[in-house]
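Colleague: Have a peek at final.cif (mmCIF, C-alpha atoms).
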```
data_work
#
loop_
_atom_site.label_atom_id
_atom_site.label_comp_id
_atom_site.auth_asym_id
_atom_site.auth_seq_id
_atom_site.Cartn_x
_atom_site.Cartn_y
_atom_site.Cartn_z
CA MET Y 5 -193.19 -130.44 21.49
CA SER Y 6 -196.94 -130.75 21.77
CA GLU Y 7 -197.49 -128.04 24.37
CA ASP Y 8 -197.33 -124.43 23.23
CA HIS Y 9 -193.91 -123.44 24.46
CA HIS Y 10 -194.46 -119.74 23.91
CA HIS Y 11 -198.13 -119.63 24.65
CA PRO Y 12 -198.75 -115.93 25.38
CA LEU Y 13 -200.25 -115.25 28.79
CA PRO Y 14 -203.41 -113.15 28.81
CA THR Y 15 -202.70 -109.59 29.89
CA THR Y 16 -203.95 -108.43 33.26
CA PRO Y 17 -205.83 -105.16 33.94
CA VAL Y 18 -202.79 -103.66 35.67
CA GLU Y 19 -200.55 -104.62 32.79
CA ASP Y 20 -203.00 -102.98 30.39
CA ARG Y 21 -203.14 -99.85 32.53
CA VAL Y 22 -199.34 -99.56 32.47
CA ALA Y 23 -199.36 -99.85 28.69
CA VAL Y 24 -202.07 -97.18 28.37
CA LEU Y 25 -200.25 -94.77 30.71
CA GLU Y 26 -197.00 -95.24 28.85
CA ALA Y 27 -198.66 -94.65 25.47
CA LEU Y 28 -200.35 -91.48 26.74
CA LEU Y 29 -197.17 -90.07 28.28
CA ILE Y 30 -195.26 -90.75 25.08
CA GLU Y 31 -198.01 -89.16 22.98
CA LYS Y 32 -197.88 -86.05 25.21
CA GLY Y 33 -194.12 -85.89 24.73
CA ILE Y 34 -193.44 -86.30 28.45
CA LEU Y 35 -191.30 -89.36 27.91
CA GLU Y 36 -189.95 -91.35 25.05
CA PRO Y 37 -189.35 -95.07 24.68
CA ALA Y 38 -185.56 -94.74 24.66
CA ALA Y 39 -185.60 -93.01 28.04
CA MET Y 40 -187.84 -95.73 29.44
CA ASP Y 41 -185.47 -98.42 28.23
CA ARG Y 42 -182.48 -96.57 29.66
CA VAL Y 43 -184.03 -96.38 33.14
CA ILE Y 44 -185.09 -100.03 33.09
CA GLU Y 45 -181.65 -101.11 31.92
CA HIS Y 46 -180.09 -99.07 34.70
CA TYR Y 47 -182.13 -100.73 37.45
CA GLU Y 48 -181.87 -104.19 35.98
CA HIS Y 49 -178.16 -104.22 35.32
CA GLU Y 50 -176.25 -101.27 36.71
CA VAL Y 51 -177.40 -100.78 40.27
CA GLY Y 52 -177.49 -103.65 42.68
CA PRO Y 53 -176.02 -105.08 45.83
CA LEU Y 54 -172.54 -105.07 44.32
CA ASN Y 55 -172.42 -101.32 44.90
CA GLY Y 56 -173.22 -101.77 48.57
CA ALA Y 57 -170.70 -104.60 48.80
CA LYS Y 58 -167.99 -102.23 47.57
CA VAL Y 59 -168.95 -99.73 50.25
CA VAL Y 60 -168.80 -102.40 52.95
CA ALA Y 61 -165.47 -103.80 51.76
CA ARG Y 62 -163.95 -100.31 51.70
CA ALA Y 63 -165.16 -99.73 55.27
CA TRP Y 64 -163.56 -103.01 56.36
CA VAL Y 65 -160.12 -102.15 54.98
CA ASP Y 66 -160.05 -98.40 55.53
CA PRO Y 67 -160.78 -97.22 59.11
CA ALA Y 68 -160.93 -93.56 58.04
CA TYR Y 69 -163.54 -94.40 55.38
CA ARG Y 70 -165.47 -96.47 57.92
CA ALA Y 71 -165.56 -93.49 60.27
CA ARG Y 72 -166.81 -91.20 57.48
CA LEU Y 73 -169.40 -93.79 56.45
CA LEU Y 74 -170.83 -94.05 59.96
CA ALA Y 75 -170.77 -90.27 60.39
CA ASP Y 76 -172.37 -89.33 57.05
CA GLY Y 77 -173.54 -92.30 55.00
CA THR Y 78 -174.77 -90.30 52.00
CA ALA Y 79 -171.48 -88.43 51.56
CA ALA Y 80 -169.25 -91.47 52.07
CA ILE Y 81 -171.31 -93.53 49.62
CA ALA Y 82 -171.14 -90.68 47.10
CA GLU Y 83 -167.33 -90.84 47.36
CA LEU Y 84 -167.56 -94.20 45.59
CA GLY Y 85 -169.82 -92.68 42.95
CA PHE Y 86 -173.17 -94.02 44.14
CA GLY Y 87 -176.24 -91.82 44.53
CA GLY Y 88 -179.60 -90.97 42.97
CA PRO Y 89 -183.27 -91.60 43.76
CA GLU Y 90 -183.77 -93.26 47.15
CA GLY Y 91 -180.10 -92.59 47.92
CA ASP Y 92 -180.42 -89.48 50.06
CA HIS Y 93 -180.30 -89.44 53.84
CA MET Y 94 -178.35 -92.69 54.12
CA VAL Y 95 -177.54 -93.88 57.60
CA VAL Y 96 -175.17 -96.80 58.04
CA VAL Y 97 -175.59 -98.93 61.16
CA GLU Y 98 -172.78 -101.20 62.24
CA ASN Y 99 -173.11 -104.76 63.46
CA THR Y 100 -170.94 -105.78 66.39
CA PRO Y 101 -170.66 -109.01 68.40
CA GLU Y 102 -173.22 -107.50 70.79
CA VAL Y 103 -175.61 -105.74 68.40
CA HIS Y 104 -177.32 -106.95 65.23
CA ASN Y 105 -179.12 -104.42 63.03
CA VAL Y 106 -181.94 -105.15 60.62
CA VAL Y 107 -183.82 -102.85 58.26
CA VAL Y 108 -187.49 -102.72 57.37
CA CYS Y 109 -189.88 -100.19 55.86
CA THR Y 110 -193.18 -100.47 57.67
CA LEU Y 111 -195.09 -98.01 55.45
CA CYS Y 112 -194.03 -98.95 51.95
CA SER Y 113 -190.73 -100.04 50.48
CA CYS Y 114 -188.08 -97.43 51.30
CA TYR Y 115 -184.79 -99.01 50.41
CA PRO Y 116 -181.38 -97.65 49.39
CA TRP Y 117 -181.56 -98.22 45.63
CA PRO Y 118 -178.10 -96.87 44.71
CA VAL Y 119 -176.32 -99.37 46.96
CA LEU Y 120 -178.69 -102.35 46.99
CA GLY Y 121 -180.69 -102.08 43.77
CA LEU Y 122 -184.43 -102.60 44.02
CA PRO Y 123 -185.87 -104.37 47.05
CA PRO Y 124 -186.62 -108.09 46.91
CA THR Y 125 -190.27 -109.17 46.93
CA TRP Y 126 -190.26 -110.34 50.55
CA TYR Y 127 -189.01 -106.93 51.72
CA LYS Y 128 -192.17 -105.35 50.29
CA SER Y 129 -194.52 -107.98 51.71
CA PRO Y 130 -196.97 -107.08 54.51
CA PRO Y 131 -195.80 -109.93 56.82
CA TYR Y 132 -192.16 -108.83 56.71
CA ARG Y 133 -193.09 -105.18 57.19
CA SER Y 134 -195.28 -105.80 60.23
CA ARG Y 135 -193.63 -108.81 61.88
CA MET Y 136 -190.00 -107.66 61.73
CA VAL Y 137 -190.91 -104.82 64.08
CA ARG Y 138 -192.98 -106.98 66.42
CA GLU Y 139 -190.90 -110.13 66.67
CA PRO Y 140 -187.55 -109.62 64.94
CA ARG Y 141 -185.81 -112.54 66.62
CA VAL Y 142 -188.47 -114.96 65.43
CA VAL Y 143 -188.59 -113.59 61.89
CA LEU Y 144 -184.81 -113.61 61.62
CA ARG Y 145 -184.69 -117.22 62.77
CA GLU Y 146 -187.34 -118.13 60.19
CA MET Y 147 -185.18 -116.47 57.54
CA GLY Y 148 -182.23 -118.61 58.55
CA CYS Y 149 -180.52 -116.02 60.72
CA ALA Y 150 -180.76 -117.37 64.25
CA LEU Y 151 -179.03 -115.08 66.73
CA PRO Y 152 -177.79 -115.92 70.22
CA GLU Y 153 -180.14 -114.64 72.93
CA ASP Y 154 -177.50 -112.25 74.27
CA VAL Y 155 -177.21 -110.40 70.96
CA GLU Y 156 -179.32 -107.26 70.98
CA ILE Y 157 -181.43 -106.77 67.85
CA ARG Y 158 -182.09 -103.24 66.63
CA VAL Y 159 -184.80 -102.79 64.01
CA TRP Y 160 -184.54 -99.68 61.84
CA ASP Y 161 -187.63 -98.43 60.06
CA SER Y 162 -186.62 -96.82 56.79
CA SER Y 163 -188.63 -93.81 55.79
CA ALA Y 164 -188.60 -90.77 53.57
CA GLU Y 165 -186.28 -89.12 56.08
CA VAL Y 166 -183.75 -91.91 56.53
CA ARG Y 167 -182.67 -94.98 54.62
CA TYR Y 168 -180.54 -97.52 56.43
CA LEU Y 169 -177.74 -99.81 55.34
CA VAL Y 170 -176.28 -102.43 57.64
CA LEU Y 171 -172.49 -102.66 57.86
CA PRO Y 172 -171.98 -106.36 58.53
CA MET Y 173 -169.11 -107.68 60.65
CA ARG Y 174 -166.08 -108.67 58.65
CA PRO Y 175 -165.87 -112.49 58.56
CA GLU Y 176 -163.06 -114.02 60.57
CA GLY Y 177 -160.09 -115.35 58.67
CA THR Y 178 -160.19 -112.65 56.00
CA GLU Y 179 -157.24 -110.63 57.31
CA GLY Y 180 -155.06 -109.49 54.46
CA ALA Y 181 -157.65 -110.31 51.78
CA PRO Y 182 -157.80 -107.68 49.02
CA GLU Y 183 -160.75 -105.30 48.97
CA GLU Y 184 -162.15 -106.79 45.75
CA SER Y 185 -162.39 -110.30 47.18
CA LEU Y 186 -163.90 -108.96 50.38
CA ALA Y 187 -166.64 -107.28 48.34
CA GLY Y 188 -167.42 -110.69 46.88
CA LEU Y 189 -168.28 -111.98 50.35
CA VAL Y 190 -170.91 -109.33 51.07
CA THR Y 191 -174.50 -110.29 50.29
CA ARG Y 192 -177.58 -108.18 49.85
CA ASP Y 193 -179.29 -109.92 52.76
CA ALA Y 194 -176.37 -109.14 55.08
CA MET Y 195 -176.71 -105.45 54.22
CA ILE Y 196 -180.46 -105.56 55.01
CA GLY Y 197 -179.60 -107.42 58.20
CA VAL Y 198 -181.49 -110.66 57.59
CA ALA Y 199 -178.27 -112.65 57.27
CA ARG Y 200 -174.83 -112.74 58.83
CA LEU Y 201 -171.61 -113.37 56.94
CA MET Z 17 -197.13 -122.38 43.44
CA LYS Z 18 -196.16 -118.75 43.79
CA PRO Z 19 -194.29 -117.05 40.96
CA SER Z 20 -191.11 -116.87 43.02
CA GLN Z 21 -191.15 -120.63 43.48
CA VAL Z 22 -191.64 -121.11 39.77
CA HIS Z 23 -188.57 -119.00 39.13
CA ASP Z 24 -186.61 -120.84 41.79
CA ALA Z 25 -187.50 -124.09 40.12
CA GLY Z 26 -185.73 -122.86 37.02
CA PHE Z 27 -188.69 -122.24 34.75
CA ALA Z 28 -188.18 -118.50 34.44
CA GLU Z 29 -187.39 -116.89 31.15
CA PRO Z 30 -183.61 -116.87 31.02
CA SER Z 31 -183.60 -113.22 29.96
CA LEU Z 32 -185.14 -111.92 33.18
CA PRO Z 33 -182.42 -110.09 35.09
CA ARG Z 34 -181.57 -111.23 38.57
CA SER Z 35 -179.96 -109.54 41.51
CA ASN Z 36 -178.20 -111.87 43.95
CA GLY Z 37 -180.32 -114.67 42.52
CA ALA Z 38 -183.61 -112.83 42.96
CA LEU Z 39 -185.58 -111.47 40.04
CA VAL Z 40 -185.45 -107.71 39.72
CA PHE Z 41 -188.91 -107.65 38.18
CA GLU Z 42 -191.36 -110.52 38.04
CA ALA Z 43 -192.86 -109.22 34.81
CA PRO Z 44 -191.80 -106.55 32.30
CA TRP Z 45 -194.73 -104.23 33.13
CA GLN Z 46 -193.30 -103.78 36.62
CA GLY Z 47 -190.06 -102.41 35.19
CA ARG Z 48 -192.04 -100.08 32.93
CA ALA Z 49 -194.12 -98.84 35.88
CA LEU Z 50 -190.92 -98.15 37.80
CA ALA Z 51 -189.29 -96.31 34.91
CA MET Z 52 -192.39 -94.21 34.31
CA ALA Z 53 -192.43 -93.07 37.95
CA VAL Z 54 -188.72 -92.21 37.89
CA LEU Z 55 -189.05 -90.24 34.64
CA VAL Z 56 -192.30 -88.47 35.48
CA VAL Z 57 -190.84 -87.27 38.80
CA GLU Z 58 -187.65 -86.15 37.06
CA ARG Z 59 -189.36 -84.37 34.18
CA THR Z 60 -191.96 -82.56 36.23
CA GLY Z 61 -189.34 -81.22 38.64
CA ARG Z 62 -191.01 -82.98 41.55
CA GLN Z 63 -189.25 -84.75 44.38
CA TRP Z 64 -189.12 -88.49 44.69
CA ASP Z 65 -190.76 -88.08 48.10
CA ASP Z 66 -193.85 -86.73 46.35
CA PHE Z 67 -194.25 -90.05 44.58
CA ARG Z 68 -193.41 -91.96 47.73
CA ARG Z 69 -196.29 -90.30 49.57
CA GLU Z 70 -198.69 -91.60 46.91
CA LEU Z 71 -197.13 -95.05 47.19
CA ILE Z 72 -197.49 -95.14 50.99
CA ALA Z 73 -201.13 -94.08 50.64
CA ALA Z 74 -201.83 -96.65 47.92
CA ILE Z 75 -200.31 -99.45 50.01
CA ALA Z 76 -202.24 -98.34 53.09
CA ASP Z 77 -205.50 -98.33 51.09
CA ASP Z 78 -205.27 -102.05 50.47
CA VAL Z 79 -202.50 -103.81 52.34
CA ASP Z 80 -203.16 -107.13 50.64
CA ARG Z 81 -202.93 -105.79 47.10
CA PRO Z 82 -199.74 -106.93 45.35
CA TYR Z 83 -196.96 -104.39 45.70
CA TRP Z 84 -196.54 -103.45 42.04
CA GLU Z 85 -200.30 -103.02 41.61
CA SER Z 86 -200.24 -100.47 44.43
CA TRP Z 87 -197.31 -98.85 42.64
CA VAL Z 88 -199.45 -98.41 39.51
CA VAL Z 89 -202.33 -96.97 41.57
CA ALA Z 90 -199.84 -94.48 43.05
CA LEU Z 91 -198.48 -93.67 39.60
CA ASP Z 92 -201.96 -93.06 38.24
CA ARG Z 93 -202.76 -90.68 41.10
CA PHE Z 94 -199.41 -88.92 40.83
CA ILE Z 95 -199.88 -88.30 37.12
CA ASP Z 96 -203.37 -87.02 37.83
CA ASP Z 97 -202.20 -84.73 40.67
CA VAL Z 98 -199.53 -83.21 38.46
CA GLY Z 99 -202.12 -82.78 35.72
CA LEU Z 100 -199.93 -84.34 33.07
CA LEU Z 101 -202.64 -85.86 30.95
CA ARG Z 102 -205.19 -83.09 31.14
#
```
Rewrite the coordinates I just gave you, this time as structure tokens.
Modeller:
Amino acid sequence: MSEDHHHPLPTTPVEDRVAVLEALLIEKGILEPAAMDRVIEHYEHEVGPLNGAKVVARAWVDPAYRARLLADGTAAIAELGFGGPEGDHMVVVENTPEVHNVVVCTLCSCYPWPVLGLPPTWYKSPPYRSRMVREPRVVLREMGCALPEDVEIRVWDSSAEVRYLVLPMRPEGTEGAPEESLAGLVTRDAMIGVARL
Amino acid sequence: MKPSQVHDAGFAEPSLPRSNGALVFEAPWQGRALAMAVLVVERTGRQWDDFRRELIAAIADDVDRPYWESWVVALDRFIDDVGLLR
């Protein structure tokens, strides 16, 4: 191989700043490398959309759980063991044949970490944040989620006070399917509301 | 070509974790910036909303700045506000 396969990329100023901050905080005894690694590992591997998918699948098979979830999202999600930073004040909004819900955070990147993991890049982008509020039907169509004109679209702006999770409609033909396989059908994008199942 | 397209084309480091096919972090420093914010909030007894306010302000300062760079600006200010490195 003539090209340098592992040619190191030059570091950027922001990358350098992160390294400096980390070194200073470690030197001051405020954090230690093992704790850093534990947090990163947690967000890379332990929290993610699978948690939210379990919540959705439970709501599909258990009407009492669904009612609790819609009444108090935070408490019902905690029943399944999910909670933590960005997981307070959860409100679950339910899709129906008449109403489609979609979530955005116009100010920053509020997003329900415990059930969806960290937000995807497009969720944090200025165009998504501004356009989803202004022209949701157009943006949804561009994202591959074209909705019939008679379906009402409700856009929910996540904030410090409230973080939203969309409860998608259960796909037809899944009657009698076990909860675990139902969870496998639920995607992150469906729980943000930019896709339908 | 944007980084995301590079990853989609299959050139990403295989070790980078993905969530539903999307990269969790585009570069390791982003994960470290996230972890630092989580830990600093936790260990100073502050609320996550305190950090979020800095993040909202940093994003509003420069809407075209890449997201994780605004995150680091917010982290810098938060650490300064709390007086951790003084």
Colleague: Name the residues in contact with segment 173-183 of chain Y at a cut-off of 7 Å, using only C-alpha atoms, excluding same-chain residues fewer than 6 positions from it; report them as a VMD selection string.
Modeller: chain Y and resid 61 to 62 64 to 65 99 to 100 201
Colleague: Take the residues from that selection and put them in a file with C-alpha atoms, as a PDB file, keeping the file's coordinate frame.
Modeller:
```pdb
ATOM      1  CA  ALA Y  61    -165.470-103.800  51.760  1.00  0.00           C
ATOM      2  CA  ARG Y  62    -163.950-100.310  51.700  1.00  0.00           C
ATOM      3  CA  TRP Y  64    -163.560-103.010  56.360  1.00  0.00           C
ATOM      4  CA  VAL Y  65    -160.120-102.150  54.980  1.00  0.00           C
ATOM      5  CA  ASN Y  99    -173.110-104.760  63.460  1.00  0.00           C
ATOM      6  CA  THR Y 100    -170.940-105.780  66.390  1.00  0.00           C
ATOM      7  CA  LEU Y 201    -171.610-113.370  56.940  1.00  0.00           C
TER       8      LEU Y 201
END
```
Colleague: Given only C-alpha atoms as the basis, pick out the residue of Z:Ala43, Z:Leu101, Z:Leu91, Z:Leu55 nearest to Lys32 of chain Y.
Modeller: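 Under the stated criterion, the closest residue is Z:Leu101.
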Colleague: Pick out the closest residue to chain Y from this set: Z:Ile72, Z:Gly61, Z:Val89, Z:Asp97. Count all atoms listed in the file.
Modeller: Z:Ile72
Colleague: Dump as a ChimeraX atom specification the residues of chain Z that approach chain Y to within 10 Å, counting only C-alpha atoms.
Modeller: /Z:20,32-36,38-52,54-56,58-60,63-66,68-69,71-76,79-89,91-92,95,100-102
Colleague: Can you write out the residues you just picked, keeping C-alpha atoms, as an mmCIF file, in the frame of the given file?
Modeller:
```
data_model
loop_
_atom_site.group_PDB
_atom_site.id
_atom_site.type_symbol
_atom_site.label_atom_id
_atom_site.label_comp_id
_atom_site.auth_asym_id
_atom_site.auth_seq_id
_atom_site.Cartn_x
_atom_site.Cartn_y
_atom_site.Cartn_z
ATOM 1 C CA SER Z 20 -191.110 -116.870 43.020
ATOM 2 C CA LEU Z 32 -185.140 -111.920 33.180
ATOM 3 C CA PRO Z 33 -182.420 -110.090 35.090
ATOM 4 C CA ARG Z 34 -181.570 -111.230 38.570
ATOM 5 C CA SER Z 35 -179.960 -109.540 41.510
ATOM 6 C CA ASN Z 36 -178.200 -111.870 43.950
ATOM 7 C CA ALA Z 38 -183.610 -112.830 42.960
ATOM 8 C CA LEU Z 39 -185.580 -111.470 40.040
ATOM 9 C CA VAL Z 40 -185.450 -107.710 39.720
ATOM 10 C CA PHE Z 41 -188.910 -107.650 38.180
ATOM 11 C CA GLU Z 42 -191.360 -110.520 38.040
ATOM 12 C CA ALA Z 43 -192.860 -109.220 34.810
ATOM 13 C CA PRO Z 44 -191.800 -106.550 32.300
ATOM 14 C CA TRP Z 45 -194.730 -104.230 33.130
ATOM 15 C CA GLN Z 46 -193.300 -103.780 36.620
ATOM 16 C CA GLY Z 47 -190.060 -102.410 35.190
ATOM 17 C CA ARG Z 48 -192.040 -100.080 32.930
ATOM 18 C CA ALA Z 49 -194.120 -98.840 35.880
ATOM 19 C CA LEU Z 50 -190.920 -98.150 37.800
ATOM 20 C CA ALA Z 51 -189.290 -96.310 34.910
ATOM 21 C CA MET Z 52 -192.390 -94.210 34.310
ATOM 22 C CA VAL Z 54 -188.720 -92.210 37.890
ATOM 23 C CA LEU Z 55 -189.050 -90.240 34.640
ATOM 24 C CA VAL Z 56 -192.300 -88.470 35.480
ATOM 25 C CA GLU Z 58 -187.650 -86.150 37.060
ATOM 26 C CA ARG Z 59 -189.360 -84.370 34.180
ATOM 27 C CA THR Z 60 -191.960 -82.560 36.230
ATOM 28 C CA GLN Z 63 -189.250 -84.750 44.380
ATOM 29 C CA TRP Z 64 -189.120 -88.490 44.690
ATOM 30 C CA ASP Z 65 -190.760 -88.080 48.100
ATOM 31 C CA ASP Z 66 -193.850 -86.730 46.350
ATOM 32 C CA ARG Z 68 -193.410 -91.960 47.730
ATOM 33 C CA ARG Z 69 -196.290 -90.300 49.570
ATOM 34 C CA LEU Z 71 -197.130 -95.050 47.190
ATOM 35 C CA ILE Z 72 -197.490 -95.140 50.990
ATOM 36 C CA ALA Z 73 -201.130 -94.080 50.640
ATOM 37 C CA ALA Z 74 -201.830 -96.650 47.920
ATOM 38 C CA ILE Z 75 -200.310 -99.450 50.010
ATOM 39 C CA ALA Z 76 -202.240 -98.340 53.090
ATOM 40 C CA VAL Z 79 -202.500 -103.810 52.340
ATOM 41 C CA ASP Z 80 -203.160 -107.130 50.640
ATOM 42 C CA ARG Z 81 -202.930 -105.790 47.100
ATOM 43 C CA PRO Z 82 -199.740 -106.930 45.350
ATOM 44 C CA TYR Z 83 -196.960 -104.390 45.700
ATOM 45 C CA TRP Z 84 -196.540 -103.450 42.040
ATOM 46 C CA GLU Z 85 -200.300 -103.020 41.610
ATOM 47 C CA SER Z 86 -200.240 -100.470 44.430
ATOM 48 C CA TRP Z 87 -197.310 -98.850 42.640
ATOM 49 C CA VAL Z 88 -199.450 -98.410 39.510
ATOM 50 C CA VAL Z 89 -202.330 -96.970 41.570
ATOM 51 C CA LEU Z 91 -198.480 -93.670 39.600
ATOM 52 C CA ASP Z 92 -201.960 -93.060 38.240
ATOM 53 C CA ILE Z 95 -199.880 -88.300 37.120
ATOM 54 C CA LEU Z 100 -199.930 -84.340 33.070
ATOM 55 C CA LEU Z 101 -202.640 -85.860 30.950
ATOM 56 C CA ARG Z 102 -205.190 -83.090 31.140
#
```
Colleague: Since I can't run it myself right now, could you work out what the PyMOL selection byres ((chain Y and resi 72) around 12) selects here and report it as JSON, numbers by chain?
Modeller: {"Y": [59, 62, 63, 66, 67, 68, 69, 70, 71, 73, 74, 75, 76, 77, 78, 79, 80, 81, 82, 83, 95, 96]}
Colleague: Which polymer residues have any atom within 8 Å of an atom of Glu70 of chain Z, counting all atoms listed in the file, with same-chain residues fewer than 6 positions away left out, as JSON, numbers by chain?
Modeller: {"Z": [90, 91, 93, 94]}
Colleague: Just to confirm, what's the straight-line distance from atom CA of Asp92 of chain Y to atom CA of Ser185 of chain Y in Å (one decimal)?
Modeller: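 So the two atoms, atom CA of Asp92 of chain Y and atom CA of Ser185 of chain Y, lie 27.7 Å apart.
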Colleague: So how far away is atom CA of Val119 of chain Y from atom CA of Asn55 of chain Y, in Å?
Modeller: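 Atom-to-atom, atom CA of Asn55 of chain Y to atom CA of Val119 of chain Y, that is 4.8 Å.
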Colleague: Quick one: everything within 7 Å of Gly91 of chain Y, counting only C-alpha atoms, minus sequence neighbours fewer than 6 positions away in the same chain. Send it as number ranges by chain.
Modeller: Y: 116-118
Colleague: Kindly give the distance, in Å, that separates atom CA of Glu102 of chain Y and atom CA of Ala187 of chain Y, rounded to a single decimal.
Modeller: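 Value for the atom CA of Glu102 of chain Y-atom CA of Ala187 of chain Y distance: 23.4 Å.
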Colleague: Please identify all polymer residues within 12 Å of Arg135 of chain Y, counting only C-alpha atoms, omitting same-chain residues fewer than 4 positions from it, and present them as a PyMOL selection string.
Modeller: chain Y and resi 108-110+126-127+129-131+139-144+146+159
Colleague: Box time for segment 55-69 of chain Z: axis-aligned, enclosing all its listed atoms, 5 Å extra on each side; report centre and edge lengths in Å to one decimal, as AutoDock Vina command-line options.
Modeller:
```
--center_x -192.0 --center_y -86.6 --center_z 41.9 --size_x 18.6 --size_y 20.7 --size_z 25.4
```
Colleague: If the PyMOL selection byres ((chain Y and resi 160) around 12) is run on the structure shown, which residues does it catch, given as an NGL selection string?
Modeller: :Y and (95-98 or 104-110 or 114-115 or 133 or 136-137 or 140 or 157-159 or 161-163 or 166-170 or 196-197)
Colleague: Go ahead and save the residues from that selection, with C-alpha atoms, as a compact mmCIF listing (two decimals), keeping the file's coordinate frame.
Modeller:
```txt
# COMPACT_ATOMS: atom_id res chain seq x y z
CA VAL Y 95 -177.54 -93.88 57.60
CA VAL Y 96 -175.17 -96.80 58.04
CA VAL Y 97 -175.59 -98.93 61.16
CA GLU Y 98 -172.78 -101.20 62.24
CA HIS Y 104 -177.32 -106.95 65.23
CA ASN Y 105 -179.12 -104.42 63.03
CA VAL Y 106 -181.94 -105.15 60.62
CA VAL Y 107 -183.82 -102.85 58.26
CA VAL Y 108 -187.49 -102.72 57.37
CA CYS Y 109 -189.88 -100.19 55.86
CA THR Y 110 -193.18 -100.47 57.67
CA CYS Y 114 -188.08 -97.43 51.30
CA TYR Y 115 -184.79 -99.01 50.41
CA ARG Y 133 -193.09 -105.18 57.19
CA MET Y 136 -190.00 -107.66 61.73
CA VAL Y 137 -190.91 -104.82 64.08
CA PRO Y 140 -187.55 -109.62 64.94
CA ILE Y 157 -181.43 -106.77 67.85
CA ARG Y 158 -182.09 -103.24 66.63
CA VAL Y 159 -184.80 -102.79 64.01
CA ASP Y 161 -187.63 -98.43 60.06
CA SER Y 162 -186.62 -96.82 56.79
CA SER Y 163 -188.63 -93.81 55.79
CA VAL Y 166 -183.75 -91.91 56.53
CA ARG Y 167 -182.67 -94.98 54.62
CA TYR Y 168 -180.54 -97.52 56.43
CA LEU Y 169 -177.74 -99.81 55.34
CA VAL Y 170 -176.28 -102.43 57.64
CA ILE Y 196 -180.46 -105.56 55.01
CA GLY Y 197 -179.60 -107.42 58.20
```
